[in-house]
file query_23.cif (mmCIF, C-alpha atoms and all ligand atoms)
data_data
loop_
_atom_site.label_atom_id
_atom_site.label_comp_id
_atom_site.auth_asym_id
_atom_site.auth_seq_id
_atom_site.Cartn_x
_atom_site.Cartn_y
_atom_site.Cartn_z
CA MET A 1 0.00 0.00 0.00
CA GLY A 2 1.26 3.47 -0.92
CA PRO A 3 1.09 6.53 1.29
CA LEU A 4 -2.22 7.90 2.54
CA ARG A 5 -3.10 11.17 0.83
CA LEU A 6 -4.19 14.01 3.13
CA GLY A 7 -6.11 16.86 1.47
CA THR A 8 -5.33 20.27 2.94
CA ARG A 9 -5.66 23.95 2.19
CA ARG A 10 -2.31 25.58 1.50
CA SER A 11 -2.36 28.46 3.97
CA LYS A 12 0.37 28.45 6.59
CA LEU A 13 -2.23 27.66 9.26
CA ALA A 14 -3.72 24.77 7.29
CA MET A 15 -0.31 23.32 6.39
CA SER A 16 0.83 23.48 9.98
CA GLN A 17 -2.24 21.75 11.41
CA SER A 18 -2.30 19.21 8.58
CA GLY A 19 1.37 18.41 9.20
CA LYS A 20 0.61 17.60 12.82
CA VAL A 21 -2.39 15.47 11.87
CA ALA A 22 -0.27 13.69 9.25
CA ASP A 23 2.22 12.66 11.95
CA ALA A 24 -0.57 11.40 14.21
CA VAL A 25 -2.22 9.49 11.36
CA SER A 26 1.10 7.86 10.47
CA GLN A 27 1.35 6.72 14.08
CA VAL A 28 -2.10 5.11 14.22
CA THR A 29 -2.04 3.58 10.73
CA GLY A 30 1.65 2.70 10.39
CA ARG A 31 1.58 4.24 6.90
CA PRO A 32 3.33 7.30 5.48
CA VAL A 33 1.08 10.30 4.82
CA GLU A 34 1.49 12.65 1.88
CA LEU A 35 0.04 16.19 1.88
CA VAL A 36 -2.01 17.14 -1.19
CA GLU A 37 -2.56 20.92 -1.38
CA ILE A 38 -5.95 22.09 -2.59
CA THR A 39 -7.03 25.67 -3.25
CA THR A 40 -10.51 26.52 -1.98
CA TYR A 41 -12.82 29.34 -3.00
CA GLY A 42 -12.21 31.01 0.37
CA ASP A 43 -8.49 31.17 -0.43
CA THR A 44 -8.87 32.97 -3.75
CA THR A 45 -11.86 35.30 -3.31
CA ARG A 46 -11.15 38.84 -2.15
CA GLU A 47 -14.67 39.32 -0.85
CA HIS A 48 -15.48 39.60 2.83
CA LEU A 49 -16.61 36.25 4.20
CA ALA A 50 -19.66 37.82 5.81
CA GLN A 51 -20.76 38.83 2.30
CA ILE A 52 -20.12 35.56 0.49
CA GLY A 53 -21.89 33.79 3.32
CA GLY A 54 -18.91 31.87 4.56
CA THR A 55 -20.67 28.52 4.66
CA GLY A 56 -18.29 25.96 3.29
CA VAL A 57 -16.06 28.30 1.30
CA PHE A 58 -12.93 26.71 2.80
CA VAL A 59 -14.34 23.21 2.66
CA THR A 60 -16.13 22.46 -0.61
CA ALA A 61 -13.02 21.95 -2.77
CA LEU A 62 -11.53 19.58 -0.17
CA ARG A 63 -14.75 17.58 -0.04
CA ASP A 64 -14.88 17.37 -3.83
CA ALA A 65 -11.32 16.00 -3.90
CA LEU A 66 -12.32 13.39 -1.31
CA LEU A 67 -15.40 12.34 -3.25
CA ARG A 68 -13.39 12.09 -6.49
CA GLY A 69 -10.90 9.82 -4.73
CA GLU A 70 -7.99 12.24 -5.17
CA VAL A 71 -7.27 12.21 -1.44
CA ASP A 72 -8.04 9.67 1.29
CA PHE A 73 -8.93 12.12 4.04
CA ALA A 74 -9.13 15.86 4.61
CA VAL A 75 -8.24 18.04 7.57
CA HIS A 76 -10.46 21.05 8.31
CA SER A 77 -10.70 23.66 11.02
CA LEU A 78 -13.92 22.47 12.58
CA LYS A 79 -15.33 25.97 12.87
CA ASP A 80 -15.16 26.34 9.08
CA LEU A 81 -17.16 23.14 8.51
CA PRO A 82 -20.86 23.53 7.61
CA THR A 83 -23.22 21.90 10.10
CA THR A 84 -24.78 19.70 7.43
CA GLN A 85 -22.79 16.50 6.97
CA PRO A 86 -22.94 14.98 3.45
CA ASP A 87 -24.15 11.34 3.51
CA ASP A 88 -21.12 9.98 1.72
CA LEU A 89 -18.59 11.63 4.05
CA VAL A 90 -17.94 11.04 7.72
CA LEU A 91 -16.13 12.93 10.49
CA ALA A 92 -13.77 10.11 11.36
CA ALA A 93 -12.06 11.99 14.18
CA VAL A 94 -12.25 15.20 16.16
CA PRO A 95 -8.93 15.36 18.02
CA ARG A 96 -8.59 16.99 21.42
CA ARG A 97 -9.39 20.68 21.19
CA GLU A 98 -6.81 23.39 21.85
CA ASP A 99 -7.51 26.69 23.58
CA PRO A 100 -10.89 27.79 22.18
CA ARG A 101 -10.51 31.46 23.15
CA ASP A 102 -10.13 34.47 20.94
CA ALA A 103 -7.01 36.52 21.49
CA LEU A 104 -6.04 40.14 21.04
CA VAL A 105 -2.84 41.18 19.31
CA ALA A 106 -2.52 44.88 20.12
CA ARG A 107 0.15 47.53 19.76
CA ASP A 108 2.34 48.26 22.76
CA GLY A 109 1.27 45.11 24.59
CA LEU A 110 -2.18 46.56 25.32
CA ARG A 111 -4.91 44.47 26.88
CA PHE A 112 -8.46 44.79 25.61
CA THR A 113 -9.76 46.76 28.63
CA ASP A 114 -6.78 49.15 28.39
CA LEU A 115 -7.40 50.13 24.76
CA PRO A 116 -7.54 53.93 24.42
CA ASP A 117 -10.68 55.87 23.56
CA GLY A 118 -11.64 55.36 19.92
CA ALA A 119 -9.26 52.41 19.41
CA ARG A 120 -9.59 50.71 16.04
CA VAL A 121 -9.98 46.94 16.42
CA GLY A 122 -9.82 44.74 13.32
CA THR A 123 -11.87 41.59 12.80
CA GLY A 124 -13.87 40.20 9.91
CA SER A 125 -16.15 38.28 12.20
CA PRO A 126 -19.66 39.59 13.00
CA ARG A 127 -19.58 37.36 16.12
CA ARG A 128 -16.47 39.10 17.43
CA MET A 129 -17.77 42.54 16.49
CA ALA A 130 -21.08 41.97 18.27
CA GLN A 131 -19.48 40.85 21.50
CA LEU A 132 -16.59 43.35 21.54
CA ASN A 133 -18.99 46.22 20.88
CA ALA A 134 -21.45 44.94 23.50
CA TYR A 135 -18.67 44.79 26.09
CA ALA A 136 -17.48 48.28 25.19
CA ARG A 137 -21.01 49.71 25.46
CA GLY A 138 -21.51 48.08 28.84
CA HIS A 139 -18.22 49.35 30.23
CA GLY A 140 -18.11 52.92 28.99
CA MET A 141 -15.41 52.12 26.42
CA ARG A 142 -15.43 53.54 22.93
CA ILE A 143 -13.93 51.31 20.24
CA GLU A 144 -14.36 51.11 16.49
CA THR A 145 -14.51 47.63 15.00
CA VAL A 146 -13.03 47.54 11.51
CA ALA A 147 -13.85 44.78 8.99
CA ILE A 148 -10.67 43.07 7.79
CA ARG A 149 -9.83 39.73 6.29
CA GLY A 150 -6.83 37.81 5.06
CA ASN A 151 -4.61 35.18 6.58
CA VAL A 152 -3.22 35.42 10.08
CA ASP A 153 0.03 37.12 8.96
CA THR A 154 -1.90 39.75 6.99
CA ARG A 155 -4.17 40.48 9.92
CA ILE A 156 -1.34 40.90 12.42
CA GLY A 157 0.37 43.08 9.79
CA TYR A 158 -2.33 45.75 10.22
CA VAL A 159 -1.17 46.25 13.80
CA ARG A 160 2.54 46.09 13.02
CA LYS A 161 2.12 48.73 10.28
CA GLY A 162 0.16 50.99 12.64
CA GLU A 163 -3.08 50.86 10.65
CA LEU A 164 -5.05 49.37 13.53
CA ASP A 165 -4.61 49.40 17.30
CA ALA A 166 -5.45 45.72 17.62
CA VAL A 167 -6.78 42.66 15.83
CA VAL A 168 -8.68 39.70 17.25
CA LEU A 169 -7.81 36.16 16.16
CA ALA A 170 -8.33 32.62 17.38
CA ALA A 171 -5.65 31.67 19.92
CA ALA A 172 -5.48 28.15 18.45
CA GLY A 173 -4.57 29.46 15.01
CA LEU A 174 -1.80 31.67 16.42
CA SER A 175 -0.48 28.77 18.42
CA ARG A 176 -0.44 26.46 15.38
CA ILE A 177 1.64 28.87 13.30
CA GLY A 178 4.04 29.61 16.15
CA ARG A 179 2.88 33.18 16.86
CA ILE A 180 1.15 32.73 20.21
CA ASP A 181 3.84 34.91 21.85
CA GLU A 182 2.40 37.93 20.06
CA VAL A 183 -0.90 37.71 21.94
CA THR A 184 -1.30 40.68 24.28
CA ASP A 185 -4.58 39.51 25.86
CA PHE A 186 -6.58 36.27 25.89
CA LEU A 187 -10.23 37.32 25.81
CA PRO A 188 -12.21 35.62 28.57
CA VAL A 189 -15.06 33.53 27.16
CA ASP A 190 -17.41 35.53 29.39
CA THR A 191 -16.54 38.53 27.23
CA VAL A 192 -16.28 36.85 23.83
CA LEU A 193 -17.71 33.37 23.33
CA PRO A 194 -15.74 31.62 20.57
CA ALA A 195 -17.21 30.30 17.34
CA PRO A 196 -18.81 26.85 17.60
CA GLY A 197 -15.98 24.33 17.21
CA GLN A 198 -13.21 26.92 17.47
CA GLY A 199 -9.84 25.43 18.35
CA ALA A 200 -10.83 21.96 17.16
CA LEU A 201 -9.90 20.11 13.98
CA ALA A 202 -11.98 17.68 11.95
CA ILE A 203 -10.65 14.71 10.01
CA GLU A 204 -13.08 13.80 7.27
CA CYS A 205 -13.18 10.59 5.18
CA ARG A 206 -15.36 8.85 2.63
CA ALA A 207 -18.10 6.94 4.46
CA GLY A 208 -16.75 3.47 3.87
CA HIS A 209 -17.81 2.35 0.40
CA THR A 210 -14.66 0.27 0.06
CA ALA A 211 -12.85 -1.97 2.51
CA GLN A 212 -9.94 0.50 2.47
CA ASP A 213 -12.20 3.43 3.37
CA THR A 214 -13.76 1.42 6.20
CA ALA A 215 -10.37 0.43 7.56
CA LEU A 216 -9.18 4.05 7.46
CA VAL A 217 -12.27 5.33 9.31
CA ALA A 218 -11.71 2.66 11.97
CA ALA A 219 -8.02 3.53 12.37
CA LEU A 220 -8.66 7.27 12.56
CA ALA A 221 -11.16 6.73 15.36
CA GLY A 222 -8.06 6.33 17.51
CA LEU A 223 -7.43 10.08 17.13
CA ASP A 224 -10.92 11.05 18.31
CA ASP A 225 -11.29 12.82 21.66
CA PRO A 226 -14.74 11.84 22.96
CA PHE A 227 -15.25 14.92 25.11
CA THR A 228 -14.23 17.34 22.36
CA ARG A 229 -16.57 15.44 20.05
CA VAL A 230 -19.55 15.78 22.42
CA ALA A 231 -18.79 19.46 23.13
CA VAL A 232 -18.48 20.51 19.49
CA THR A 233 -21.54 18.43 18.58
CA ALA A 234 -23.61 20.42 21.09
CA GLU A 235 -22.13 23.73 19.89
CA ARG A 236 -22.77 22.93 16.24
CA SER A 237 -26.28 21.68 16.99
CA LEU A 238 -26.99 25.08 18.55
CA LEU A 239 -25.67 26.81 15.42
CA ALA A 240 -27.70 24.56 13.11
CA SER A 241 -30.89 25.03 15.16
CA LEU A 242 -30.48 28.79 14.98
CA GLU A 243 -30.28 28.25 11.21
CA ALA A 244 -27.17 30.37 11.18
CA GLY A 245 -24.22 30.03 8.84
CA CYS A 246 -20.61 30.02 10.04
CA SER A 247 -20.31 33.74 9.37
CA ALA A 248 -23.39 34.61 11.48
CA PRO A 249 -22.83 36.41 14.80
CA VAL A 250 -23.17 33.22 16.84
CA GLY A 251 -20.82 32.14 19.62
CA ALA A 252 -21.06 28.86 21.52
CA LEU A 253 -18.95 26.92 23.96
CA ALA A 254 -19.54 23.67 25.84
CA ASP A 255 -17.39 22.91 28.83
CA LEU A 256 -17.33 20.53 31.76
CA LEU A 257 -18.18 21.54 35.28
CA ALA A 258 -16.08 19.51 37.67
CA ASP A 259 -15.99 19.13 41.43
CA GLY A 260 -12.32 18.49 42.04
CA GLN A 261 -11.43 15.61 39.73
CA ILE A 262 -15.02 14.46 39.32
CA VAL A 263 -16.80 15.73 36.23
CA LYS A 264 -20.34 16.64 37.21
CA GLU A 265 -22.08 18.28 34.30
CA MET A 266 -21.69 19.92 30.93
CA ARG A 267 -22.53 23.56 30.42
CA LEU A 268 -23.41 24.95 27.00
CA ARG A 269 -23.28 28.70 26.51
CA GLY A 270 -24.56 30.50 23.43
CA VAL A 271 -24.71 34.08 22.20
CA VAL A 272 -26.09 35.91 19.23
CA GLY A 273 -26.15 39.64 18.69
CA THR A 274 -26.14 42.58 16.36
CA THR A 275 -22.68 43.58 15.15
CA ASP A 276 -22.97 47.02 16.78
CA GLY A 277 -23.36 45.27 20.12
CA SER A 278 -26.59 47.08 20.97
CA THR A 279 -28.45 43.80 21.53
CA LEU A 280 -27.14 40.42 22.64
CA VAL A 281 -29.05 37.28 23.51
CA GLN A 282 -26.78 35.23 25.73
CA LEU A 283 -27.97 32.08 27.48
CA SER A 284 -26.53 29.03 29.14
CA THR A 285 -27.82 25.60 30.03
CA THR A 286 -26.31 22.93 32.24
CA GLY A 287 -27.07 19.24 32.33
CA PRO A 288 -25.66 15.74 32.55
CA VAL A 289 -22.67 15.18 30.25
CA PRO A 290 -24.22 13.81 27.03
CA GLU A 291 -23.36 10.17 26.48
CA THR A 292 -24.51 9.92 22.89
CA HIS A 293 -24.47 12.01 19.74
CA ASP A 294 -28.25 12.41 19.99
CA GLN A 295 -28.05 13.71 23.56
CA ALA A 296 -25.42 16.26 22.54
CA MET A 297 -27.58 17.34 19.60
CA ALA A 298 -30.58 17.69 21.92
CA LEU A 299 -28.66 19.97 24.28
CA GLY A 300 -27.83 22.34 21.41
CA ARG A 301 -31.41 22.29 20.13
CA GLU A 302 -32.82 23.08 23.56
CA LEU A 303 -30.56 26.08 24.07
CA ALA A 304 -31.33 27.30 20.54
CA ALA A 305 -35.06 27.09 21.25
CA GLU A 306 -34.61 29.23 24.37
CA MET A 307 -32.51 31.75 22.44
CA LEU A 308 -35.06 31.92 19.63
CA ALA A 309 -37.79 32.52 22.22
CA LYS A 310 -35.76 35.51 23.39
CA GLY A 311 -35.61 36.97 19.89
CA ALA A 312 -32.37 35.48 18.55
CA ALA A 313 -33.70 35.09 14.99
CA GLY A 314 -34.16 38.82 14.54
CA LEU A 315 -30.50 39.46 15.39
CA MET A 316 -29.00 37.31 12.66
CA GLY A 317 -28.65 39.19 9.43
CA GLU A 318 -27.50 36.19 7.52
CA ARG A 319 -29.64 33.08 7.14
CA ALA A 320 -28.65 29.55 6.36
CA HIS A 321 -28.03 28.60 2.78
N1 LIG B 401 -12.05 31.55 9.96
C1 LIG B 401 -10.66 31.37 9.81
C2 LIG B 401 -10.10 30.39 10.79
N2 LIG B 401 -10.51 29.11 10.82
C3 LIG B 401 -9.83 28.46 11.80
C4 LIG B 401 -8.97 29.36 12.40
C5 LIG B 401 -7.99 28.99 13.44
C6 LIG B 401 -8.50 28.60 14.76
C7 LIG B 401 -9.39 27.41 14.88
O1 LIG B 401 -9.05 26.29 14.50
O2 LIG B 401 -10.47 27.58 15.44
C8 LIG B 401 -9.13 30.60 11.77
C9 LIG B 401 -8.42 31.85 12.05
C10 LIG B 401 -9.05 32.75 13.09
O3 LIG B 401 -10.26 32.72 13.32
O4 LIG B 401 -8.31 33.56 13.68
#
call {"tool": "encode", "arguments": {"input": "query_23.cif", "output": "structure tokens", "more": "lines below"}}
Ligand SMILES: NCc1[nH]cc(CCC(=O)O)c1CC(=O)O
result
Amino acid sequence: MGPLRLGTRRSKLAMSQSGKVADAVSQVTGRPVELVEITTYGDTTREHLAQIGGTGVFVTALRDALLRGEVDFAVHSLKDLPTTQPDDLVLAAVPRREDPRDALVARDGLRFTDLPDGARVGTGSPRRMAQLNAYARGHGMRIETVAIRGNVDTRIGYVRKGELDAVVLAAAGLSRIGRIDEVTDFLPVDTVLPAPGQGALAIECRAGHTAQDTALVAALAGLDDPFTRVAVTAERSLLASLEAGCSAPVGALADLLADGQIVKEMRLRGVVGTTDGSTLVQLSTTGPVPETHDQAMALGRELAAEMLAKGAAGLMGERAH
């Protein structure tokens, strides 16, 4: 048998996380893994993701390569993955999640709460804008959120060149490309809830039409982290039930509540808001740690129903598509 072919985007972030997954897959399968670089629509378009809708723009080309048999599995950032799973593909593994928080990279080592009056803060994410602006309004701060996009290096470049006072990025992405030292403040999740699935990766395969596919899915299961899987399932169920795309202003995070070493319950928090931060619907639910996929899905649906009852639908500009 030849090497396994791993389909990946070619950005520095994607190549770095795919390289790590390749090593882990080699370990569990005993086979060499070869990286196959694929350009996605999200990599070439110059449009703002909030405008093109975001849903699947980084994913579709990778999925097509999988379905055509050009690669054996694909590695995605889970937060970029649409909540609808195609029948012929399967999430073979969700490895243990890294730090899910958003992080600030600001000039002069500034923390978020120390930003000066009128500070310009760059982010392309309506979710980040909504929560940053809501915090500022509630704490007598005045900031201006500025829509930017581009890869991580480009975004940090706006601060280094003095065009912005700060940018907000996912801590996990910075860590994966070796730039975590540039973070000047980790934003508490009470201030900014991350995107559903942020900090987690997804390893996707064909759903076992051949004996080889089936064997690969079984081997990759060894890389799955069951708690991360349950947590991101609940978060993504919330997103799906709100009928929001991945560029909608929705944050969600599931975490465990423990008493010492003993895990007691899982908490799921969700937020949706207007980008100007004038209105946020933020709710949380706590219950037994889900033991099945269906239980995790139910938790997300229940919280979504409560958020919709509080007017969440009216706050999402962008609908599912
Ligand atoms: N939308 C872009 C994207 N998709 C995944 C990550 C990296 C972090 C992660 O895996 O959640 C990033 C960059 C960012 O949001 O700063």
call {"tool": "residues_near_ligand", "arguments": {"input": "query_23.cif", "ligand": "ligand LIG 401 (chain B)", "cutoff": "9 Å", "atoms": "all atoms listed in the file", "output": "JSON, numbers by chain"}}
result
{"A": [13, 14, 17, 49, 54, 58, 76, 77, 78, 79, 80, 97, 98, 99, 100, 101, 102, 103, 123, 124, 125, 150, 151, 152, 155, 168, 169, 170, 171, 172, 173, 174, 175, 176, 194, 195, 196, 197, 198, 199, 200, 201, 246, 247]}
call {"tool": "residues_near_point", "arguments": {"input": "query_23.cif", "point": "(-24.5, 38.9, 24.0)", "cutoff": "6 Å", "atoms": "all atoms listed in the file", "output": "list in words"}}
result
Gln131, Val271, Val272, Gly273, Leu280, Val281 and Gln282 of chain A
call {"tool": "residues_around", "arguments": {"input": "query_23.cif", "residues": "A:Thr83", "least_positions_apart": "3", "cutoff": "8 Å", "atoms": "only C-alpha atoms", "output": "short mmCIF file (atom, residue, chain, number, x, y, z; two decimals) with C-alpha atoms, in the frame of the given file"}}
result
data_model
loop_
_atom_site.label_atom_id
_atom_site.label_comp_id
_atom_site.auth_asym_id
_atom_site.auth_seq_id
_atom_site.Cartn_x
_atom_site.Cartn_y
_atom_site.Cartn_z
CA ARG A 236 -22.77 22.93 16.24
CA SER A 237 -26.28 21.68 16.99
CA LEU A 239 -25.67 26.81 15.42
CA ALA A 240 -27.70 24.56 13.11
#
call {"tool": "residues_near_point", "arguments": {"input": "query_23.cif", "point": "(0.1, 7.1, 1.0)", "cutoff": "6 Å", "atoms": "only C-alpha atoms", "output": "MDAnalysis selection string"}}
result
chainID A and resid 2:5 32:34
call {"tool": "atom_distance", "arguments": {"input": "query_23.cif", "atom1": "atom CA of A:Arg128", "atom2": "atom CA of A:Arg111"}}
result
15.9 Å
call {"tool": "closest_residue", "arguments": {"input": "query_23.cif", "among": "A:Ile262, A:Leu66, A:Val189, A:Ala252", "to": "A:Ser284", "atoms": "only C-alpha atoms"}}
result
A:Ala252
call {"tool": "closest_residue", "arguments": {"input": "query_23.cif", "among": "A:Leu268, A:Gly314, A:Lys12, A:Gly140", "to": "A:Leu242", "atoms": "only C-alpha atoms"}}
result
A:Gly314
call {"tool": "closest_atom_pairs", "arguments": {"input": "query_23.cif", "of": "stretch 58-153 of chain A", "to": "stretch 214-219 of chain A", "cutoff": "9 Å", "atoms": "only C-alpha atoms", "output": "tab-separated table"}}
result
residue	atom	partner	partner_atom	distance
A:Asp72	CA	A:Leu216	CA	8.4
A:Phe73	CA	A:Leu216	CA	8.8
A:Val90	CA	A:Val217	CA	8.2
A:Leu91	CA	A:Val217	CA	8.6
A:Ala92	CA	A:Val217	CA	5.4
A:Ala93	CA	A:Val217	CA	8.3
call {"tool": "atom_distance", "arguments": {"input": "query_23.cif", "atom1": "atom CA of A:Glu144", "atom2": "atom CA of A:Gly178"}}
result
28.3 Å
call {"tool": "residues_around", "arguments": {"input": "query_23.cif", "residues": "A:Leu283", "least_positions_apart": "5", "cutoff": "8 Å", "atoms": "only C-alpha atoms", "output": "ChimeraX atom specification"}}
result
/A:269-271,303,306-307
call {"tool": "atom_distance", "arguments": {"input": "query_23.cif", "atom1": "atom CA of A:Thr292", "atom2": "atom CA of A:Leu238"}}
result
16.0 Å
call {"tool": "closest_residue", "arguments": {"input": "query_23.cif", "among": "A:Gly7, A:Gly300, A:Pro82, A:Pro249", "to": "A:Ala65", "atoms": "all atoms listed in the file"}}
result
A:Gly7
call {"tool": "closest_residue", "arguments": {"input": "query_23.cif", "among": "A:Asp276, A:Glu37, A:Asp224, A:Glu302", "to": "A:Val25", "atoms": "all atoms listed in the file"}}
result
A:Asp224
call {"tool": "build_atoms", "arguments": {"input": "query_23.cif", "residues": "stretch 28-40 of chain A", "atoms": "N, CA and C atoms", "output": "short mmCIF file (atom, residue, chain, number, x, y, z; two decimals), in the frame of the given file"}}
result
data_model
loop_
_atom_site.label_atom_id
_atom_site.label_comp_id
_atom_site.auth_asym_id
_atom_site.auth_seq_id
_atom_site.Cartn_x
_atom_site.Cartn_y
_atom_site.Cartn_z
N VAL A 28 -1.01 6.06 13.99
CA VAL A 28 -2.10 5.11 14.22
C VAL A 28 -2.29 4.12 13.07
N THR A 29 -1.82 4.49 11.86
CA THR A 29 -2.04 3.58 10.73
C THR A 29 -0.77 2.82 10.35
N GLY A 30 0.40 3.31 10.80
CA GLY A 30 1.65 2.70 10.39
C GLY A 30 1.99 2.95 8.93
N ARG A 31 1.30 3.93 8.32
CA ARG A 31 1.58 4.24 6.90
C ARG A 31 2.09 5.66 6.74
N PRO A 32 2.93 5.91 5.74
CA PRO A 32 3.33 7.30 5.48
C PRO A 32 2.13 8.12 4.99
N VAL A 33 2.17 9.42 5.24
CA VAL A 33 1.08 10.30 4.82
C VAL A 33 1.67 11.41 3.97
N GLU A 34 1.01 11.64 2.83
CA GLU A 34 1.49 12.65 1.88
C GLU A 34 0.48 13.79 1.85
N LEU A 35 0.95 15.05 1.91
CA LEU A 35 0.04 16.19 1.88
C LEU A 35 -0.28 16.59 0.43
N VAL A 36 -1.57 16.70 0.13
CA VAL A 36 -2.01 17.14 -1.19
C VAL A 36 -2.67 18.51 -1.01
N GLU A 37 -2.07 19.56 -1.59
CA GLU A 37 -2.56 20.92 -1.38
C GLU A 37 -3.69 21.24 -2.34
N ILE A 38 -4.78 21.79 -1.79
CA ILE A 38 -5.95 22.09 -2.59
C ILE A 38 -6.36 23.54 -2.33
N THR A 39 -6.61 24.28 -3.39
CA THR A 39 -7.03 25.67 -3.25
C THR A 39 -8.55 25.73 -3.16
N THR A 40 -9.07 26.40 -2.13
CA THR A 40 -10.51 26.52 -1.98
C THR A 40 -10.96 27.91 -2.40
#
